[in-house]
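Let me begin by presenting the structure, written as structure tokens, before commenting on it.
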Amino acid sequence: MAASLRFSGLKTPPAYSFPKQTTSLQCHSASPTLLSFAAFRPSNSSILRNISLRRCCESRVFRVCCQGGNVDVIQRNEFEAASSGEAENQLTCVMKFGGSSVASAERMREVADLILSFPNERPVIVLSAMGKTTNKLLLAGEKAVSCGVTNVDAIEELNFIKDLHYRTADELGVERSIVDGHLEVLEQLLKGIAMMKELTLRTKDYLVSFGECMSTRIFAAYLNKIGFKARQYDAFEIGFITTDDFTNADILEATYPAVAKRLNDDWISDPAIPIVTGFLGKGWRSSAITTLGRGGSDLTATTIGKALGLREIQVWKDVDGVLTCDPNIYQHAEPVPYLTFEEAAELAYFGAQVLHPQSMRPAREGDIPVRVKNSYNPNAPGTLITRNRDMSKAVLTSIVLKRNVTMLDIVSTRMLGQFGFLAKVFSIFEDLGISVDVVATSEVSISLTLDPSKLWSRELIQQASELDHVVEELEKIAVVNLLQHRSIISLIGNVQRSSLILEKAFHVLRTNGVNVQMISQGASKVNISLIVHDNEAEQCVRALHSTFFESDLPELDQ
Ligand SMILES: Nc1ncnc2c1ncn2[C@@H]1O[C@H](COP(=O)(O)OP(=O)(O)O)[C@@H](O)[C@H]1O
Ligand SMILES: N[C@@H](CC(=O)OP(=O)(O)O)C(=O)O
């Protein structure tokens, strides 16, 4: 059953009772940015998990869907905001600053100036941990496993972290007490790890959470000190609900209404710039702190953007936007001015460190533009990522390298014409919970690569035995060749031009004496993947970059 409400002007009732079994409510609103709905059971005020909100693109129609039905009350925060005259004053965008942008007191000051240089914005700020804090915390945890309880206070990384955060607080003129408690608990936690001689994935997530919890507290205190009212939030306390996959958790749908409600309600009742911890969430079963995978603050930012229906999501980095290739491989890489969500998602998934692999999903679902900017060079235009862009002149957008990939050649032991071979192979991967990246098939053989981010997040010993297990299972139906130390070179761009791209690419690879071991063009039409040996990969990327970005390509005919 669908209910339809039409509201005009500011006079709207504060809540609407759904008939039982209602599955969708459509609202027409006066405000184009109207966004947050939350569904409650009034009996215990719990937020329903199965609610989702969709904005019908380019219109003022918002659709609330509740798959399970049984919604009792829908509360419309923006309608309330509108009636109290706050609509003009809503939060406008999200600005995420990565570790390199907030690495020191000086950098935090610059970031504060940068935020305040946009007086028309009312941003939600997402911060990562300062500099390399996450790596240091992980190293401290690993050292604690074997150093003995009495030696924990001598762990170099612990002292580095204490010194960095106290020094930053001192230099910004905020109270040390803002991080005192966290640093004490951090040391106790390391003692606990030393005592147990064990660092589980769950403990790892708790351990690294101290980085974001401290950077956001210091930064919020600094903004308050210089006269801009700010409020710190731990993401795991404001509704970031995730799976319980420690170190690599996924955001659950319930996050969107919960986060929207909390941030909007606080903003309406007592406006203050929200400063939210990136990267962190709360496991829905365990209630323990989880993390979204390395670089996960990008995903925190896009999740908030979608939850609040903000106008723009900005991710501020230490590079002039998404570049034509990894600048660590080739220093003459150039910024890419425009990308589609699809291109950016492929690029991130296939290894470009600049964006978290899952971060484009909320932005695409909410149709919210993402701007990648350089906090060290704010005047550079950066990269704008949107649903569509003009592809008529586009050939190649970016070259991405994913190293240390495992490849499997699987040849059926049965004869040609047997059906069900592909299905059997993929059911083995499904049973073992391993995801596959790139695939090329013939009737009796399959070559594929395994997704290292899923496989490699597990312990080393577990990885080796999982690979043995995969091979063992596949050998029941096929001859299997396991090839390690391979790289995927992904050519992201306009695959409508695949003949031109492949002609150029193969010319370059042949000239450089490189043998391509597998090639695949995905259905996404933005990515051609080439598999080469690890030790040839970087040289290939540099040569491909010269050909595609530093020399003239033939004019493109439609
Ligand atoms: N195609 C690419 N474009 C831009 N940066 C890239 C690319 N590939 C790899 N990088 C690396 O990603 C880094 C930025 O990502 P990241 O370190 O996660 O930023 P932050 O910590 O600021 O969020 C850059 O410094 C650069 O070294
Ligand atoms: N601090 C976390 C999360 C993050 O997103 O960091 P950054 O924005 O600096 O990549 C990490 O290092 O993975």
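Just so we're on the same page: first chain in the structure tokens is A, next is B, and so on; residues restart at 1 for each chain, and ligands are numbered from 1 in the order they show up.
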Neighbours of ligand 2 within 8 Å, counting only C-alpha atoms and all ligand atoms, as a CSV table (one decimal) with C-alpha atoms, in the first residue's frame?
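Everything below was put into selection05.csv:
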```csv
chain,number,residue,atom,x,y,z
A,96,LYS,CA,36.2,15.4,5.0
A,97,PHE,CA,39.9,16.0,5.9
A,98,GLY,CA,42.3,13.1,5.7
A,99,GLY,CA,45.2,12.3,8.0
A,100,SER,CA,47.7,14.3,5.9
A,127,LEU,CA,38.2,14.0,10.3
A,128,SER,CA,40.7,11.1,10.1
A,129,ALA,CA,43.3,10.4,12.6
A,130,MET,CA,46.3,12.8,12.7
A,131,GLY,CA,49.0,11.9,10.1
A,132,LYS,CA,50.1,8.3,10.4
A,133,THR,CA,48.5,7.7,13.8
A,134,THR,CA,46.5,4.7,12.6
A,135,ASN,CA,49.6,2.9,11.4
A,208,VAL,CA,42.8,2.4,16.0
A,211,GLY,CA,43.2,8.1,16.5
A,212,GLU,CA,39.9,9.6,15.2
A,278,GLY,CA,35.7,9.2,10.2
A,279,PHE,CA,36.3,5.5,9.7
A,293,GLY,CA,38.6,-0.6,6.1
A,294,ARG,CA,41.6,1.6,5.6
A,295,GLY,CA,40.8,5.0,4.2
A,296,GLY,CA,37.2,4.6,5.5
A,297,SER,CA,36.7,8.2,6.4
A,298,ASP,CA,35.8,8.9,2.7
A,317,LYS,CA,43.4,15.4,0.4
A,354,VAL,CA,42.8,8.3,-3.2
A,356,HIS,CA,37.9,4.3,-0.4
```
**OP:** Please provide the set of residues having any atom within 12 Å of Ile251 (chain A), restricted to only C-alpha atoms, with same-chain residues fewer than 5 positions apart removed, written as a PyMOL selection string.
**Re:** chain A and resi 235-236+239-246+256+259+279-284+290-293+296+299-300+302-304+307+358-359+361-362
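The interatomic distance for the pair CA of Ala105 (chain A) and CA of Ala169 (chain A) works out to 7.5 Å.
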Original post:
Residues at most 8 Å from Thr168 (chain A), counting only C-alpha atoms, excluding those fewer than 4 positions away in the same chain, as a PyMOL selection string?
Top reply: chain A and resi 104-105+164+172+218
**OP:** For Asn481 (chain A), work out the shell of residues within 8 Å, counting only C-alpha atoms and skipping chain neighbours fewer than 5 positions away, then give it as a PyMOL selection string.
**Re:** chain A and resi 408-410
Using the selection just defined, write its residues with all heavy atoms as an mmCIF file, in the first residue's frame.
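Listed below is the output, selection28.cif:
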```cif
data_model
loop_
_atom_site.group_PDB
_atom_site.id
_atom_site.type_symbol
_atom_site.label_atom_id
_atom_site.label_comp_id
_atom_site.auth_asym_id
_atom_site.auth_seq_id
_atom_site.Cartn_x
_atom_site.Cartn_y
_atom_site.Cartn_z
ATOM 1 N N LEU A 408 44.221 -17.256 -10.751
ATOM 2 C CA LEU A 408 44.009 -18.700 -10.877
ATOM 3 C C LEU A 408 43.644 -19.024 -12.316
ATOM 4 O O LEU A 408 42.762 -18.381 -12.889
ATOM 5 C CB LEU A 408 42.844 -19.136 -9.981
ATOM 6 C CG LEU A 408 43.079 -19.186 -8.475
ATOM 7 C CD1 LEU A 408 41.764 -19.479 -7.760
ATOM 8 C CD2 LEU A 408 44.094 -20.252 -8.127
ATOM 9 N N ASP A 409 44.337 -19.996 -12.900
ATOM 10 C CA ASP A 409 43.920 -20.558 -14.191
ATOM 11 C C ASP A 409 43.231 -21.867 -13.888
ATOM 12 O O ASP A 409 43.833 -22.759 -13.268
ATOM 13 C CB ASP A 409 45.151 -20.834 -15.077
ATOM 14 C CG ASP A 409 45.622 -19.570 -15.791
ATOM 15 O OD1 ASP A 409 44.798 -18.640 -15.929
ATOM 16 O OD2 ASP A 409 46.796 -19.531 -16.183
ATOM 17 N N ILE A 410 41.989 -22.012 -14.291
ATOM 18 C CA ILE A 410 41.211 -23.210 -13.946
ATOM 19 C C ILE A 410 40.738 -23.848 -15.250
ATOM 20 O O ILE A 410 39.979 -23.235 -16.005
ATOM 21 C CB ILE A 410 39.991 -22.811 -13.087
ATOM 22 C CG1 ILE A 410 40.457 -21.995 -11.877
ATOM 23 C CG2 ILE A 410 39.200 -24.023 -12.648
ATOM 24 C CD1 ILE A 410 39.352 -21.155 -11.269
#
```
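Checking A:Ala344, A:Val411, A:Ile313, A:Ala258 one by one against Ile368 (chain A), counting only C-alpha atoms, you find the shortest gap at A:Ile313.
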**OP:** Can you list, as a ChimeraX atom specification, all residues belonging to region 216-429 of chain A that DSSP tags as alpha helix (DSSP H)?
**Re:** /A:216-225,255-269,297-308,341-349,360-366,421-429
